[in-house]
Amino acid sequence: MSRLRWPCCQVEGCRRRATRAVEVELPEEWGPGIGFRVLMVTIGACREHGAELTRRALAVLEARGEYADLLTVIADAVETDGALRHQVEALDRELVEAAGAADYQREHAERAEAALRIAQAAAAPTDPAGVWLDAHQAPAPAEVEGGAA
Amino acid sequence: MVRQIGKLQRCAVRGCQAAVNNMVEIELPATWTADEAALALVATVPVGACRWHAVELSRRLRGLYAARRDLHSALEVIELAVATESALRADLAAAQERALQAQADLAEAERTAALPRAVAR
């Protein structure tokens, strides 16, 4: 009659008796989905390794969830990054256009001022000093007449 | 737990009754932190599997190891993304401020351009 041989702990290098069955769940894939299917593997382990393997098996499942979250965070960051870059580029374009419009208005103002000066000079040909006055500095009538009054 | 069919062991995958004809080594990481040195801390567990499940287990284990290695890179990518987003938000705020200034300049230029016409009238 053969004696029943007790199985050993399956952890490499351990020769102790297997007293616990640890179930390790291996995820099918590590993509960014919420749900995932697992393949369950049963491992015989001694008391000490049983506790350690259980902890590591749970850590694998937690890591699976967190890894998916990380991928989601990265995907969101890429999207945010793209949107922000788009906004900055659009504002830069608007700034270039606004600068062009401001330059145009300045040039327009300068031309209008020059035209006004010419018109004023034409309207006052008897100015003795030959100096025409700017519309902004229009003198009082008494001053034009020499202040004699 | 190691199960047997007579003298033959059964596949370690739950629910599989097939005989073992492959051995797969499962390496379970000690930690999932981003520490590179922790990559070496694994518990190796050889398990017996049938032909079909040996292939499937190997595939899943490759995925697990790749995820373990990529975790460090993923955390670095996230750190970089946070820094980039912060810089872009600063750029955006600066551009918005410049846009406000440009609007004010434009309004001023329009007023200046309108002044000689008003005087001429």
# chains A, B, ... in the order shown; residues from 1 in each chain; ligands from 1
>>> interface_residues(of="chain A", to="chain B", cutoff="7 Å", atoms="only C-alpha atoms", output="count of residues only")
39
>>> atom_distance(atom1="CA of Glu52 (chain A)", atom2="CA of Glu23 (chain A)")
12.0 Å
>>> atom_distance(atom1="CA of Asn21 (chain B)", atom2="CA of Cys50 (chain B)")
5.3 Å
>>> select_by_dssp(residues="region 11-147 of chain A", states="helix (DSSP H, G or I)", output="PDB file with C-alpha atoms, in the first residue's frame")
ATOM      1  CA  ARG A  47       1.363  28.959   5.410  1.00  0.00           C
ATOM      2  CA  GLU A  48       4.011  31.657   5.038  1.00  0.00           C
ATOM      3  CA  HIS A  49       4.066  31.725   1.266  1.00  0.00           C
ATOM      4  CA  GLY A  50       0.299  31.400   1.141  1.00  0.00           C
ATOM      5  CA  ALA A  51      -0.108  34.734   2.898  1.00  0.00           C
ATOM      6  CA  GLU A  52       2.555  36.357   0.710  1.00  0.00           C
ATOM      7  CA  LEU A  53       1.112  34.975  -2.528  1.00  0.00           C
ATOM      8  CA  THR A  54      -2.385  36.092  -1.529  1.00  0.00           C
ATOM      9  CA  ARG A  55      -1.067  39.612  -0.933  1.00  0.00           C
ATOM     10  CA  ARG A  56       0.705  39.665  -4.284  1.00  0.00           C
ATOM     11  CA  ALA A  57      -2.290  38.234  -6.123  1.00  0.00           C
ATOM     12  CA  LEU A  58      -4.482  41.005  -4.682  1.00  0.00           C
ATOM     13  CA  ALA A  59      -1.817  43.550  -5.644  1.00  0.00           C
ATOM     14  CA  VAL A  60      -1.995  42.336  -9.255  1.00  0.00           C
ATOM     15  CA  LEU A  61      -5.741  43.019  -9.371  1.00  0.00           C
ATOM     16  CA  GLU A  62      -5.354  46.430  -7.720  1.00  0.00           C
ATOM     17  CA  ALA A  63      -2.565  47.283 -10.141  1.00  0.00           C
ATOM     18  CA  ARG A  64      -4.798  46.244 -13.032  1.00  0.00           C
ATOM     19  CA  GLY A  65      -7.430  48.776 -11.917  1.00  0.00           C
ATOM     20  CA  GLU A  66      -4.901  51.535 -11.295  1.00  0.00           C
ATOM     21  CA  TYR A  67      -3.076  50.888 -14.550  1.00  0.00           C
ATOM     22  CA  ALA A  68      -6.346  51.371 -16.419  1.00  0.00           C
ATOM     23  CA  ASP A  69      -6.870  54.628 -14.506  1.00  0.00           C
ATOM     24  CA  LEU A  70      -3.370  55.780 -15.432  1.00  0.00           C
ATOM     25  CA  LEU A  71      -4.040  55.125 -19.094  1.00  0.00           C
ATOM     26  CA  THR A  72      -7.294  57.086 -18.829  1.00  0.00           C
ATOM     27  CA  VAL A  73      -5.433  59.969 -17.141  1.00  0.00           C
ATOM     28  CA  ILE A  74      -2.841  59.943 -19.930  1.00  0.00           C
ATOM     29  CA  ALA A  75      -5.549  59.926 -22.608  1.00  0.00           C
ATOM     30  CA  ASP A  76      -7.304  62.863 -20.881  1.00  0.00           C
ATOM     31  CA  ALA A  77      -4.005  64.727 -20.565  1.00  0.00           C
ATOM     32  CA  VAL A  78      -3.332  64.320 -24.279  1.00  0.00           C
ATOM     33  CA  GLU A  79      -6.798  65.687 -25.047  1.00  0.00           C
ATOM     34  CA  THR A  80      -6.381  68.655 -22.661  1.00  0.00           C
ATOM     35  CA  ASP A  81      -2.936  69.344 -24.053  1.00  0.00           C
ATOM     36  CA  GLY A  82      -4.305  69.430 -27.603  1.00  0.00           C
ATOM     37  CA  ALA A  83      -7.180  71.723 -26.631  1.00  0.00           C
ATOM     38  CA  LEU A  84      -4.887  74.150 -24.779  1.00  0.00           C
ATOM     39  CA  ARG A  85      -2.407  74.254 -27.654  1.00  0.00           C
ATOM     40  CA  HIS A  86      -5.293  74.979 -30.016  1.00  0.00           C
ATOM     41  CA  GLN A  87      -6.488  77.859 -27.794  1.00  0.00           C
ATOM     42  CA  VAL A  88      -3.008  79.369 -27.519  1.00  0.00           C
ATOM     43  CA  GLU A  89      -2.511  79.152 -31.287  1.00  0.00           C
ATOM     44  CA  ALA A  90      -5.931  80.731 -31.947  1.00  0.00           C
ATOM     45  CA  LEU A  91      -5.151  83.596 -29.555  1.00  0.00           C
ATOM     46  CA  ASP A  92      -1.752  84.112 -31.158  1.00  0.00           C
ATOM     47  CA  ARG A  93      -3.417  84.366 -34.570  1.00  0.00           C
ATOM     48  CA  GLU A  94      -5.964  86.860 -33.200  1.00  0.00           C
ATOM     49  CA  LEU A  95      -3.124  88.888 -31.705  1.00  0.00           C
ATOM     50  CA  VAL A  96      -1.349  89.077 -35.044  1.00  0.00           C
ATOM     51  CA  GLU A  97      -4.595  90.225 -36.683  1.00  0.00           C
ATOM     52  CA  ALA A  98      -5.241  92.786 -33.932  1.00  0.00           C
ATOM     53  CA  ALA A  99      -1.710  94.133 -34.261  1.00  0.00           C
ATOM     54  CA  GLY A 100      -2.260  94.496 -38.004  1.00  0.00           C
ATOM     55  CA  ALA A 101      -5.564  96.302 -37.438  1.00  0.00           C
ATOM     56  CA  ALA A 102      -3.972  98.655 -34.900  1.00  0.00           C
ATOM     57  CA  ASP A 103      -1.147  99.463 -37.338  1.00  0.00           C
ATOM     58  CA  TYR A 104      -3.715 100.192 -40.034  1.00  0.00           C
ATOM     59  CA  GLN A 105      -5.648 102.522 -37.727  1.00  0.00           C
ATOM     60  CA  ARG A 106      -2.472 104.353 -36.726  1.00  0.00           C
ATOM     61  CA  GLU A 107      -1.446 104.833 -40.328  1.00  0.00           C
ATOM     62  CA  HIS A 108      -4.966 105.988 -41.182  1.00  0.00           C
ATOM     63  CA  ALA A 109      -4.855 108.506 -38.317  1.00  0.00           C
ATOM     64  CA  GLU A 110      -1.469 109.814 -39.435  1.00  0.00           C
ATOM     65  CA  ARG A 111      -2.736 110.341 -42.984  1.00  0.00           C
ATOM     66  CA  ALA A 112      -5.875 112.057 -41.724  1.00  0.00           C
ATOM     67  CA  GLU A 113      -3.779 114.358 -39.555  1.00  0.00           C
ATOM     68  CA  ALA A 114      -1.501 115.174 -42.475  1.00  0.00           C
ATOM     69  CA  ALA A 115      -4.507 115.950 -44.668  1.00  0.00           C
ATOM     70  CA  LEU A 116      -5.962 118.144 -41.961  1.00  0.00           C
ATOM     71  CA  ARG A 117      -2.716 120.104 -41.656  1.00  0.00           C
ATOM     72  CA  ILE A 118      -2.635 120.660 -45.388  1.00  0.00           C
ATOM     73  CA  ALA A 119      -6.257 121.791 -45.354  1.00  0.00           C
ATOM     74  CA  GLN A 120      -5.576 124.178 -42.490  1.00  0.00           C
ATOM     75  CA  ALA A 121      -2.538 125.583 -44.222  1.00  0.00           C
ATOM     76  CA  ALA A 122      -4.592 126.173 -47.364  1.00  0.00           C
ATOM     77  CA  ALA A 123      -7.340 127.879 -45.359  1.00  0.00           C
ATOM     78  CA  ALA A 135      -6.066 122.264 -35.192  1.00  0.00           C
ATOM     79  CA  HIS A 136      -5.465 121.260 -31.598  1.00  0.00           C
ATOM     80  CA  GLN A 137      -3.665 124.499 -30.870  1.00  0.00           C
ATOM     81  CA  PRO A 141      -8.853 135.535 -32.159  1.00  0.00           C
ATOM     82  CA  ALA A 142      -7.076 138.224 -30.100  1.00  0.00           C
ATOM     83  CA  GLU A 143      -3.769 136.436 -30.425  1.00  0.00           C
ATOM     84  CA  VAL A 144      -4.115 136.180 -34.192  1.00  0.00           C
TER      85      VAL A 144
END
